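Raw contents of coords01.cif, mmCIF, C-alpha atoms:
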```cif
data_input
loop_
_atom_site.label_atom_id
_atom_site.label_comp_id
_atom_site.auth_asym_id
_atom_site.auth_seq_id
_atom_site.Cartn_x
_atom_site.Cartn_y
_atom_site.Cartn_z
CA MET J 1190 0.00 0.00 0.00
CA PRO J 1191 1.54 3.28 -0.98
CA GLU J 1192 2.45 5.57 1.82
CA VAL J 1193 0.34 8.69 2.05
CA LYS J 1194 2.60 11.60 2.92
CA PRO J 1195 1.14 14.38 5.01
CA ALA J 1196 0.65 17.62 3.15
CA ALA J 1197 3.74 19.78 3.33
CA PRO J 1198 3.14 23.04 5.24
CA ARG J 1199 3.67 25.28 2.22
CA ARG J 1200 0.36 27.17 2.30
CA SER J 1201 1.74 30.37 3.77
CA ILE J 1202 4.62 30.43 1.31
CA SER J 1203 2.31 30.07 -1.71
CA LEU J 1204 0.01 32.71 -0.25
CA ASP J 1205 2.92 35.15 0.04
CA VAL J 1206 4.04 34.48 -3.51
CA TYR J 1207 0.50 34.93 -4.90
CA ALA J 1208 -0.03 38.11 -2.86
CA VAL J 1209 3.30 39.62 -3.98
CA SER J 1210 2.55 38.65 -7.61
CA LEU J 1211 -0.88 40.31 -7.52
CA ALA J 1212 0.55 43.46 -5.93
CA LEU J 1213 3.36 43.70 -8.50
CA ILE J 1214 0.97 43.14 -11.41
CA LEU J 1215 -1.33 45.89 -10.07
CA ALA J 1216 1.68 48.21 -9.62
CA LEU J 1217 2.72 47.56 -13.22
CA LEU J 1218 -0.81 48.18 -14.53
CA VAL J 1219 -0.91 51.48 -12.61
CA ARG J 1220 2.56 52.44 -13.91
CA LEU J 1221 1.55 51.76 -17.52
CA ASN J 1222 -1.76 53.64 -17.00
CA LEU J 1223 -3.68 50.51 -18.01
CA ILE J 1224 -6.18 50.97 -15.17
CA PRO J 1225 -8.00 54.21 -14.30
CA PRO J 1226 -6.91 56.18 -11.21
CA VAL J 1227 -8.05 54.34 -8.08
CA LYS J 1228 -10.16 56.45 -5.72
CA TRP J 1229 -10.83 55.86 -2.02
CA MET X 525 -8.13 1.99 -1.82
CA ALA X 526 -5.25 4.24 -0.99
CA THR X 527 -3.93 4.00 -4.56
CA SER X 528 -7.18 5.13 -6.10
CA ALA X 529 -7.46 7.92 -3.58
CA ILE X 530 -3.97 9.14 -4.44
CA SER X 531 -4.22 8.83 -8.23
CA ALA X 532 -7.76 10.23 -8.45
CA PRO X 533 -8.01 13.73 -9.86
CA ARG X 534 -8.42 16.54 -7.33
CA PRO X 535 -12.06 16.81 -6.30
CA THR X 536 -12.37 20.42 -7.43
CA SER X 537 -10.85 22.02 -10.49
CA LEU X 538 -9.10 25.37 -10.34
CA SER X 539 -12.11 27.15 -11.84
CA ARG X 540 -14.43 25.56 -9.25
CA GLN X 541 -12.07 26.57 -6.46
CA PHE X 542 -12.14 30.12 -7.80
CA VAL X 543 -15.95 30.12 -8.02
CA ALA X 544 -16.08 28.87 -4.41
CA LEU X 545 -14.24 32.03 -3.32
CA ILE X 546 -16.80 34.43 -4.80
CA PRO X 547 -19.55 34.38 -2.07
CA GLY X 548 -17.01 34.98 0.71
CA LEU X 549 -15.24 37.69 -1.27
CA LEU X 550 -18.55 39.45 -1.83
CA LEU X 551 -19.29 39.19 1.90
CA LEU X 552 -15.86 40.69 2.75
CA ALA X 553 -16.49 43.53 0.30
CA ALA X 554 -20.04 44.13 1.60
CA VAL X 555 -18.98 44.20 5.27
CA GLY X 556 -15.92 46.37 4.61
CA TYR X 557 -17.86 48.78 2.40
CA ALA X 558 -20.67 49.00 4.96
CA GLY X 559 -18.03 50.08 7.51
CA LYS X 560 -16.81 52.77 5.11
CA LEU X 561 -20.37 54.00 4.47
CA ILE X 562 -21.12 54.20 8.21
CA GLU X 563 -17.96 56.27 8.80
CA GLN X 564 -18.85 58.65 5.96
CA SER X 565 -22.53 58.92 6.99
CA ILE X 566 -21.65 59.79 10.58
CA ALA X 567 -19.12 62.39 9.40
CA ILE X 568 -21.68 64.00 7.04
CA TYR X 569 -24.47 63.94 9.65
CA THR X 570 -22.38 65.38 12.50
CA LYS X 571 -20.94 68.08 10.22
CA SER X 572 -24.30 69.17 8.84
CA HIS X 573 -25.81 69.28 12.37
CA HIS X 574 -22.73 70.98 13.86
CA ILE X 575 -22.23 68.13 16.33
CA THR X 576 -18.75 67.49 17.74
CA PHE X 577 -18.18 63.77 17.48
CA PRO X 578 -14.87 61.87 17.27
CA ASN X 579 -14.26 60.29 13.88
CA ILE X 580 -14.59 56.51 14.22
CA GLU X 581 -12.62 54.91 11.39
CA TYR X 582 -14.32 52.45 9.03
CA VAL X 583 -11.87 49.85 10.40
CA LEU X 584 -13.78 49.60 13.68
CA TRP X 585 -17.19 49.45 11.96
CA ALA X 586 -16.03 46.73 9.56
CA ILE X 587 -14.63 44.65 12.44
CA VAL X 588 -17.73 45.16 14.61
CA ILE X 589 -20.14 44.24 11.77
CA GLY X 590 -18.05 41.14 11.07
CA LEU X 591 -17.99 40.21 14.77
CA VAL X 592 -21.76 40.63 15.07
CA ILE X 593 -22.43 38.43 12.01
CA ALA X 594 -19.95 35.73 13.09
CA ASN X 595 -21.27 35.56 16.66
CA THR X 596 -25.02 35.82 16.04
CA VAL X 597 -26.21 34.24 12.79
CA GLY X 598 -22.77 32.76 12.08
CA VAL X 599 -20.92 32.62 8.76
CA PRO X 600 -22.47 29.89 6.53
CA ARG X 601 -20.06 27.37 5.00
CA ILE X 602 -20.55 28.74 1.50
CA PHE X 603 -18.77 31.96 2.54
CA ALA X 604 -15.86 30.25 4.34
CA PRO X 605 -13.35 29.88 1.43
CA GLY X 606 -13.73 33.51 0.37
CA VAL X 607 -13.59 34.87 3.93
CA ALA X 608 -10.37 32.89 4.48
CA THR X 609 -8.67 35.03 1.79
CA TYR X 610 -8.48 37.99 4.19
CA GLU X 611 -4.83 37.14 4.89
CA PHE X 612 -4.06 37.18 1.17
CA TRP X 613 -5.49 40.72 0.89
CA LEU X 614 -3.52 41.75 3.95
CA LYS X 615 -0.23 40.69 2.35
CA ALA X 616 -1.07 42.22 -1.03
CA GLY X 617 -2.06 45.44 0.81
CA ILE X 618 1.22 45.52 2.73
CA VAL X 619 3.25 45.10 -0.49
CA LEU X 620 1.31 47.96 -2.13
CA LEU X 621 1.78 50.08 1.01
CA GLY X 622 5.51 49.96 0.24
CA SER X 623 4.79 52.72 -2.31
CA ARG X 624 4.09 55.13 0.57
CA PHE X 625 7.55 54.70 2.07
CA LEU X 626 10.83 56.06 0.79
CA LEU X 627 13.51 53.41 1.27
CA GLY X 628 15.39 55.78 3.61
CA ASP X 629 12.34 55.95 5.91
CA VAL X 630 12.03 52.16 5.81
CA LEU X 631 15.68 51.79 6.85
CA HIS X 632 15.39 54.48 9.56
CA LEU X 633 12.11 53.32 11.14
CA GLY X 634 12.82 49.66 10.33
CA GLY X 635 16.24 49.98 12.02
CA ILE X 636 14.70 51.47 15.17
CA SER X 637 11.98 48.78 15.08
CA LEU X 638 14.62 46.07 14.72
CA LEU X 639 16.51 47.37 17.74
CA LEU X 640 13.34 47.56 19.84
CA VAL X 641 12.13 44.17 18.58
CA ALA X 642 15.43 42.56 19.66
CA VAL X 643 15.13 43.96 23.20
CA ALA X 644 11.40 43.19 23.49
CA LEU X 645 11.91 39.72 22.02
CA THR X 646 14.54 38.71 24.58
CA LEU X 647 12.50 40.00 27.51
CA SER X 648 9.19 38.57 26.32
CA LEU X 649 10.52 35.08 25.49
CA THR X 650 12.16 34.86 28.94
CA PHE X 651 9.02 36.10 30.67
CA MET X 652 6.67 33.76 28.76
CA HIS X 653 8.75 30.71 29.69
CA LEU X 654 8.75 31.78 33.32
CA LEU X 655 4.94 32.14 33.20
CA GLY X 656 4.57 28.77 31.48
CA ARG X 657 6.45 27.15 34.36
CA ILE X 658 4.39 28.96 37.01
CA PHE X 659 1.10 27.92 35.33
CA LYS X 660 2.43 24.38 34.65
CA LEU X 661 1.76 24.50 30.89
CA LYS X 662 3.29 21.86 28.62
CA PRO X 663 6.75 23.13 27.54
CA LYS X 664 5.92 23.01 23.82
CA LEU X 665 2.67 24.91 24.35
CA THR X 666 4.70 27.53 26.22
CA SER X 667 7.15 27.64 23.30
CA LEU X 668 4.30 28.22 20.84
CA LEU X 669 2.73 30.93 23.02
CA ALA X 670 6.13 32.60 23.43
CA ILE X 671 6.78 32.55 19.66
CA GLY X 672 3.25 33.75 18.90
CA SER X 673 3.30 36.65 21.33
CA ALA X 674 6.92 37.71 20.76
CA ILE X 675 7.01 37.54 16.97
CA CYS X 676 3.92 37.47 14.86
CA GLY X 677 0.94 35.61 16.10
CA VAL X 678 -0.79 32.92 14.15
CA SER X 679 1.63 32.63 11.22
CA ALA X 680 4.56 32.27 13.63
CA ILE X 681 2.74 29.48 15.48
CA ILE X 682 1.91 27.72 12.20
CA ALA X 683 5.55 28.08 11.08
CA ALA X 684 6.88 26.77 14.40
CA LYS X 685 4.48 23.84 14.93
CA PRO X 686 6.08 21.33 12.51
CA SER X 687 9.58 22.58 13.32
CA ILE X 688 9.31 21.68 17.01
CA ASP X 689 6.92 18.70 16.51
CA ALA X 690 4.21 20.28 18.67
CA ASP X 691 0.71 18.73 19.03
CA ASP X 692 -2.26 19.99 16.99
CA GLU X 693 -4.03 20.63 20.28
CA ASP X 694 -1.20 22.81 21.61
CA ALA X 695 -1.15 24.79 18.37
CA SER X 696 -4.90 25.39 18.44
CA TYR X 697 -4.73 26.47 22.12
CA ALA X 698 -1.93 28.91 21.32
CA ILE X 699 -3.70 30.24 18.20
CA ALA X 700 -6.98 30.70 20.11
CA ALA X 701 -5.24 32.58 22.92
CA ILE X 702 -3.39 34.85 20.46
CA LEU X 703 -6.58 35.56 18.47
CA ALA X 704 -8.60 36.37 21.61
CA LEU X 705 -5.91 38.71 22.85
CA GLY X 706 -5.60 40.31 19.42
CA ALA X 707 -9.33 41.08 19.45
CA ILE X 708 -9.00 42.69 22.89
CA SER X 709 -6.00 44.77 21.82
CA LEU X 710 -8.00 46.25 18.92
CA PHE X 711 -10.23 48.03 21.39
CA THR X 712 -7.72 48.81 24.16
CA PHE X 713 -4.65 50.04 22.24
CA PRO X 714 -6.26 53.10 20.56
CA LEU X 715 -7.81 54.13 23.90
CA ILE X 716 -4.44 53.89 25.68
CA GLY X 717 -2.68 55.67 22.80
CA HIS X 718 -5.15 58.59 22.93
CA SER X 719 -5.02 58.84 26.72
CA LEU X 720 -1.19 59.04 26.58
CA HIS X 721 -1.35 61.58 23.70
CA PHE X 722 0.99 59.53 21.56
CA SER X 723 2.16 60.93 18.22
CA ASP X 724 1.11 58.93 15.13
CA LYS X 725 4.64 57.58 14.71
CA ALA X 726 5.08 56.57 18.36
CA TYR X 727 1.65 54.94 18.54
CA GLY X 728 2.12 53.13 15.20
CA LEU X 729 5.47 51.80 16.37
CA TRP X 730 3.95 50.61 19.64
CA ALA X 731 1.01 48.86 17.92
CA GLY X 732 3.37 47.23 15.41
CA LEU X 733 5.68 45.99 18.16
CA ALA X 734 3.09 44.85 20.70
CA VAL X 735 0.04 43.53 18.81
CA ASP X 736 0.69 39.97 17.71
CA ASN X 737 -1.20 39.13 14.58
CA THR X 738 -0.37 41.18 11.49
CA ALA X 739 -4.04 41.82 10.61
CA GLU X 740 -4.82 43.04 14.15
CA ALA X 741 -1.63 45.14 14.32
CA THR X 742 -2.56 46.82 11.01
CA ALA X 743 -6.11 47.39 12.24
CA ALA X 744 -4.98 48.69 15.67
CA GLY X 745 -2.71 51.18 13.90
CA ALA X 746 -5.36 52.27 11.37
CA LEU X 747 -7.90 52.73 14.18
CA TYR X 748 -5.66 55.50 15.59
CA SER X 749 -4.93 57.28 12.30
CA ASP X 750 -3.92 56.62 8.72
CA ALA X 751 -0.32 57.69 9.45
CA ALA X 752 -0.16 55.48 12.56
CA GLY X 753 -1.46 52.53 10.52
CA LYS X 754 1.37 53.02 8.03
CA VAL X 755 4.03 52.96 10.77
CA ALA X 756 2.36 49.99 12.50
CA VAL X 757 2.60 47.97 9.27
CA LEU X 758 6.30 48.82 8.91
CA ALA X 759 7.12 47.87 12.52
CA LYS X 760 5.09 44.66 12.24
CA THR X 761 6.77 43.75 8.95
CA THR X 762 10.18 44.14 10.62
CA ARG X 763 8.99 41.79 13.36
CA ASN X 764 7.70 39.30 10.78
CA ALA X 765 11.08 39.29 9.03
CA LEU X 766 12.60 37.75 12.18
CA ILE X 767 10.23 34.79 12.26
CA GLY X 768 12.71 32.36 10.66
CA PHE X 769 15.49 33.09 13.15
CA VAL X 770 13.30 32.56 16.22
CA VAL X 771 11.68 29.39 14.84
CA LEU X 772 15.15 28.08 13.90
CA ALA X 773 16.42 28.71 17.43
CA TYR X 774 13.45 26.81 18.91
CA ALA X 775 13.82 23.97 16.39
CA ILE X 776 17.50 23.57 17.33
CA TYR X 777 16.62 23.68 21.05
CA TRP X 778 13.93 20.96 20.81
CA ALA X 779 16.08 18.83 18.47
CA SER X 780 18.96 19.01 20.99
CA ARG X 781 16.55 17.52 23.57
CA GLY X 782 15.60 14.75 21.14
CA GLN X 783 12.00 15.99 20.87
CA ALA X 784 12.08 17.35 17.30
CA GLN X 785 13.81 16.53 14.03
CA ALA X 786 17.28 18.01 13.57
CA VAL X 787 17.49 20.99 11.22
CA GLY X 788 19.54 20.15 8.11
CA ASN X 789 20.38 23.12 5.93
CA LYS X 790 19.89 26.19 8.15
CA ALA X 791 20.00 28.73 5.28
CA GLU X 792 17.31 26.76 3.41
CA PHE X 793 15.26 26.57 6.64
CA LEU X 794 15.51 30.36 7.11
CA TRP X 795 14.48 31.04 3.50
CA ARG X 796 11.51 28.66 3.77
CA LYS X 797 10.24 30.42 6.90
CA PHE X 798 10.98 33.95 5.65
CA PRO X 799 7.78 35.89 4.86
CA LYS X 800 8.20 36.67 1.15
CA PHE X 801 5.81 39.63 1.19
CA VAL X 802 8.52 41.58 3.06
CA LEU X 803 10.61 41.42 -0.15
CA GLY X 804 7.65 42.66 -2.22
CA PHE X 805 7.18 45.56 0.23
CA LEU X 806 10.87 46.51 -0.07
CA LEU X 807 10.80 46.23 -3.89
CA ILE X 808 7.79 48.57 -4.24
CA SER X 809 9.36 50.98 -1.75
CA LEU X 810 12.62 50.93 -3.78
CA LEU X 811 10.71 51.61 -7.02
CA ALA X 812 8.83 54.50 -5.38
CA THR X 813 12.13 55.92 -4.06
CA LEU X 814 13.70 55.73 -7.56
CA GLY X 815 10.78 57.74 -9.00
CA PHE X 816 9.36 54.83 -11.00
CA PHE X 817 5.80 56.05 -10.24
CA SER X 818 4.32 59.53 -10.76
CA LYS X 819 2.44 61.27 -7.90
CA PRO X 820 -1.05 60.30 -9.15
CA GLN X 821 0.17 56.72 -9.65
CA LEU X 822 1.50 56.64 -6.06
CA ALA X 823 -1.92 57.84 -4.89
CA SER X 824 -3.58 55.01 -6.86
CA LEU X 825 -1.27 52.41 -5.30
CA ALA X 826 -1.95 53.76 -1.81
CA ASN X 827 -5.71 53.56 -2.48
CA LEU X 828 -5.40 50.00 -3.81
CA SER X 829 -3.64 49.15 -0.55
CA ARG X 830 -6.55 50.70 1.40
CA TRP X 831 -9.10 48.61 -0.53
CA ALA X 832 -7.08 45.47 0.18
CA PHE X 833 -7.00 46.34 3.89
CA LEU X 834 -10.76 46.98 3.85
CA LEU X 835 -11.28 43.32 2.85
CA THR X 836 -8.80 42.26 5.55
CA PHE X 837 -10.53 44.13 8.37
CA ALA X 838 -13.90 42.66 7.41
CA GLY X 839 -12.25 39.21 7.58
CA VAL X 840 -10.80 39.90 11.05
CA GLY X 841 -14.31 40.34 12.45
CA LEU X 842 -15.91 37.53 10.45
CA ARG X 843 -13.40 34.89 11.51
CA THR X 844 -13.47 35.75 15.24
CA ASN X 845 -15.77 33.28 16.98
CA LEU X 846 -15.95 34.38 20.61
CA ARG X 847 -17.71 31.17 21.78
CA GLU X 848 -14.99 28.96 20.27
CA LEU X 849 -12.28 31.11 21.86
CA GLY X 850 -14.00 30.76 25.23
CA LYS X 851 -13.93 26.94 25.01
CA GLN X 852 -10.14 26.73 24.93
CA GLY X 853 -9.56 26.75 28.68
CA TRP X 854 -8.32 29.51 30.93
CA ARG X 855 -4.67 28.60 31.54
CA PRO X 856 -3.18 29.17 28.05
CA PHE X 857 -5.32 32.31 27.85
CA ALA X 858 -4.07 33.51 31.25
CA VAL X 859 -0.43 32.94 30.28
CA GLY X 860 -1.02 34.70 26.97
CA ALA X 861 -2.88 37.59 28.59
CA ILE X 862 -0.29 38.20 31.34
CA GLY X 863 2.49 37.89 28.74
CA GLU X 864 0.72 40.33 26.42
CA VAL X 865 0.29 42.92 29.15
CA PHE X 866 3.99 42.52 29.97
CA ILE X 867 5.01 42.89 26.30
CA ALA X 868 2.68 45.88 25.85
CA LEU X 869 4.24 47.61 28.87
CA VAL X 870 7.82 46.80 27.83
CA THR X 871 7.27 48.02 24.27
CA LEU X 872 5.43 51.09 25.58
CA GLY X 873 8.52 51.96 27.64
CA LEU X 874 10.83 51.23 24.70
CA VAL X 875 8.81 53.38 22.27
CA TYR X 876 8.62 56.19 24.82
CA GLY X 877 12.41 56.03 25.21
CA ALA X 878 12.98 55.84 21.44
CA ASP X 879 10.68 58.82 20.87
CA LYS X 880 12.63 60.83 23.43
CA PHE X 881 16.20 59.81 22.60
CA LEU X 882 16.17 58.57 18.98
CA HIS X 883 13.64 61.16 17.70
CA LEU X 884 11.23 58.97 15.74
#
```
For the file at hand, write its structure as structure tokens.
Amino acid sequence: MPEVKPAAPRRSISLDVYAVSLALILALLVRLNLIPPVKW
Amino acid sequence: MATSAISAPRPTSLSRQFVALIPGLLLLAAVGYAGKLIEQSIAIYTKSHHITFPNIEYVLWAIVIGLVIANTVGVPRIFAPGVATYEFWLKAGIVLLGSRFLLGDVLHLGGISLLLVAVALTLSLTFMHLLGRIFKLKPKLTSLLAIGSAICGVSAIIAAKPSIDADDEDASYAIAAILALGAISLFTFPLIGHSLHFSDKAYGLWAGLAVDNTAEATAAGALYSDAAGKVAVLAKTTRNALIGFVVLAYAIYWASRGQAQAVGNKAEFLWRKFPKFVLGFLLISLLATLGFFSKPQLASLANLSRWAFLLTFAGVGLRTNLRELGKQGWRPFAVGAIGEVFIALVTLGLVYGADKFLHL
């Protein structure tokens, strides 16, 4: 019977990478004026 | 049976997983936006009726609405995946907030934070272990509580748990205690800050150094003022950057006692535990310092960061279940609470000293 390995605790790392990626993509879109000015 | 379970395709495709996030995301947006509307409505009403009333930030309203929903009708399961993304928005918001800092400010305030974190860390870890012994807590539970309260709350506990081979039960006790204390600090810190007439910088530094969880530290700072929220995020990010070193020290300690696996490659271990969003924050701050963005673009990035935090604050309230926190037993909570008060007082003294002698 194959051994079932417990899930590696990588969730927080992936979350960080996704969050940084989204932020950098948004920053690039803002820099290239591809999205309208964001209001608050 | 095991083979088929392993080789079977994942139960939900990526698109289904994405669709599952939508209800919770809409709930986060609705709760956060409701908080913003309440803040604006009160400001308009009091101004038009010439009533003097302190401005209560949308942060508090969003958290309170979330708390009320979570602890009365509850959050139905359909919303759970989307609500759980609040931490993702927090990290994206922090990275975008980097645009509001010149790298020089980051190094200046970050340097002071680092110095204060080192002093507070040493004192708080020693004190928490002493308390753990007095209250006869299991040593690994004490370790988790010490890491959680000295460094950065829930993520530090999650990072440390496998490294020191702690029980699930210990981890959930420690997380519950840290979350309960974080909720309390949201309401007490701004009151203390106002009564001591702290400047935005001093208060932000204090909140960033003393409040454990990053979401709560950001909220506690933003509840005081926008500028204080900015400084709180920077101080908290500095604290988060140290997570790997503290977890490594504990892992080596427990391995030396034969109660955890030995750490192989220490550099690899540190990199694995290092919060990567800190690098994103520094990169955006560097780009802003180099003039990569125009003024209106910087304003857009700052506003994007605010929208991301709005989702986060709604999530803080929605995921806080007061009944569940109450079930966790009084001893871990007591150790956490006494430790937190100690850390809050130590950091208060440190920030007061830094404000006086290092001119924040």
Practice prompt. Please determine the residues with any atom at most 10 Å from (-0.9, 34.7, -3.7) (coordinates as given in the file, with all atoms listed in the file counting) and report them as a VMD selection string.
Written response: (chain J and resid 1200 to 1212) or (chain X and resid 609 611 to 613 615 to 616 801)
Worksheet item: Which chain X residues are at most 7 Å from chain J (counting only C-alpha atoms), as number ranges by chain?
Response: X: 526-527, 612, 615-616, 619-620, 799-801, 804, 817, 821, 824-825, 827-828
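Computed from the coordinates, the CA of Arg601 (chain X) to CA of Val588 (chain X) distance equals 20.4 Å.
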Worksheet, complete the sentence: One decimal place gives the CA of Phe711 (chain X)-CA of Ala741 (chain X) separation as 11.5 Å
Worksheet entry | Residues matched by the PyMOL selection byres ((chain X and resi 622-636) around 9) as a ChimeraX atom specification | /X:617-621,637-641,729,754-755,758-759,761-762,804-814,817,822-823,825-826,878,882,884
Worksheet item: For Phe722 (chain X), which residue out of X:Ala832, X:Ala701, X:Val597, X:Lys880 is the nearest one, using all atoms listed in the file?
Response: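 Of the candidates, the smallest distance to Phe722 (chain X) is held by X:Lys880.
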Worksheet item: Could you state the separation of CA of Lys560 (chain X) and CA of Leu834 (chain X) in Å, given to one decimal place?
Response: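 Distance between the two atoms: 8.5 Å.
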Discussion item. From (7.0, 54.3, 24.5), in the file's coordinates, out to 10 Å: which residues are reached, counting only C-alpha atoms? Answer as a count of residues only.
Written reply: 20
Resolved residues for the PyMOL selection byres ((chain X and resi 791-796) around 9) as an mmCIF file with C-alpha atoms, in the frame of the given file:
```cif
data_model
loop_
_atom_site.group_PDB
_atom_site.id
_atom_site.type_symbol
_atom_site.label_atom_id
_atom_site.label_comp_id
_atom_site.auth_asym_id
_atom_site.auth_seq_id
_atom_site.Cartn_x
_atom_site.Cartn_y
_atom_site.Cartn_z
ATOM 1 C CA ARG J 1199 3.670 25.280 2.220
ATOM 2 C CA ILE J 1202 4.620 30.430 1.310
ATOM 3 C CA ILE X 767 10.230 34.790 12.260
ATOM 4 C CA GLY X 768 12.710 32.360 10.660
ATOM 5 C CA PHE X 769 15.490 33.090 13.150
ATOM 6 C CA VAL X 771 11.680 29.390 14.840
ATOM 7 C CA LEU X 772 15.150 28.080 13.900
ATOM 8 C CA VAL X 787 17.490 20.990 11.220
ATOM 9 C CA GLY X 788 19.540 20.150 8.110
ATOM 10 C CA ASN X 789 20.380 23.120 5.930
ATOM 11 C CA LYS X 790 19.890 26.190 8.150
ATOM 12 C CA LYS X 797 10.240 30.420 6.900
ATOM 13 C CA PHE X 798 10.980 33.950 5.650
ATOM 14 C CA PRO X 799 7.780 35.890 4.860
ATOM 15 C CA LYS X 800 8.200 36.670 1.150
#
```
Student task, region 851-862 of chain X output with N, CA and C atoms as a tab-separated table (two decimals), in the first residue's frame:
```tsv
chain	number	residue	atom	x	y	z
X	851	LYS	N	-13.98	28.38	24.68
X	851	LYS	CA	-13.93	26.94	25.01
X	851	LYS	C	-12.51	26.43	25.24
X	852	GLN	N	-11.51	27.25	24.95
X	852	GLN	CA	-10.14	26.73	24.93
X	852	GLN	C	-9.48	26.58	26.30
X	853	GLY	N	-10.17	26.92	27.36
X	853	GLY	CA	-9.56	26.75	28.68
X	853	GLY	C	-8.88	28.04	29.12
X	854	TRP	N	-8.78	28.20	30.42
X	854	TRP	CA	-8.32	29.51	30.93
X	854	TRP	C	-6.81	29.62	31.05
X	855	ARG	N	-6.10	28.47	31.24
X	855	ARG	CA	-4.67	28.60	31.54
X	855	ARG	C	-3.82	29.14	30.39
X	856	PRO	N	-3.97	28.57	29.14
X	856	PRO	CA	-3.18	29.17	28.05
X	856	PRO	C	-3.56	30.64	27.84
X	857	PHE	N	-4.87	30.93	28.03
X	857	PHE	CA	-5.32	32.31	27.85
X	857	PHE	C	-4.70	33.22	28.91
X	858	ALA	N	-4.64	32.71	30.17
X	858	ALA	CA	-4.07	33.51	31.25
X	858	ALA	C	-2.59	33.79	30.99
X	859	VAL	N	-1.86	32.74	30.57
X	859	VAL	CA	-0.43	32.94	30.28
X	859	VAL	C	-0.26	33.95	29.15
X	860	GLY	N	-1.07	33.78	28.10
X	860	GLY	CA	-1.02	34.70	26.97
X	860	GLY	C	-1.34	36.12	27.39
X	861	ALA	N	-2.42	36.25	28.20
X	861	ALA	CA	-2.88	37.59	28.59
X	861	ALA	C	-1.83	38.29	29.46
X	862	ILE	N	-1.30	37.56	30.46
X	862	ILE	CA	-0.29	38.20	31.34
X	862	ILE	C	0.95	38.56	30.50
```
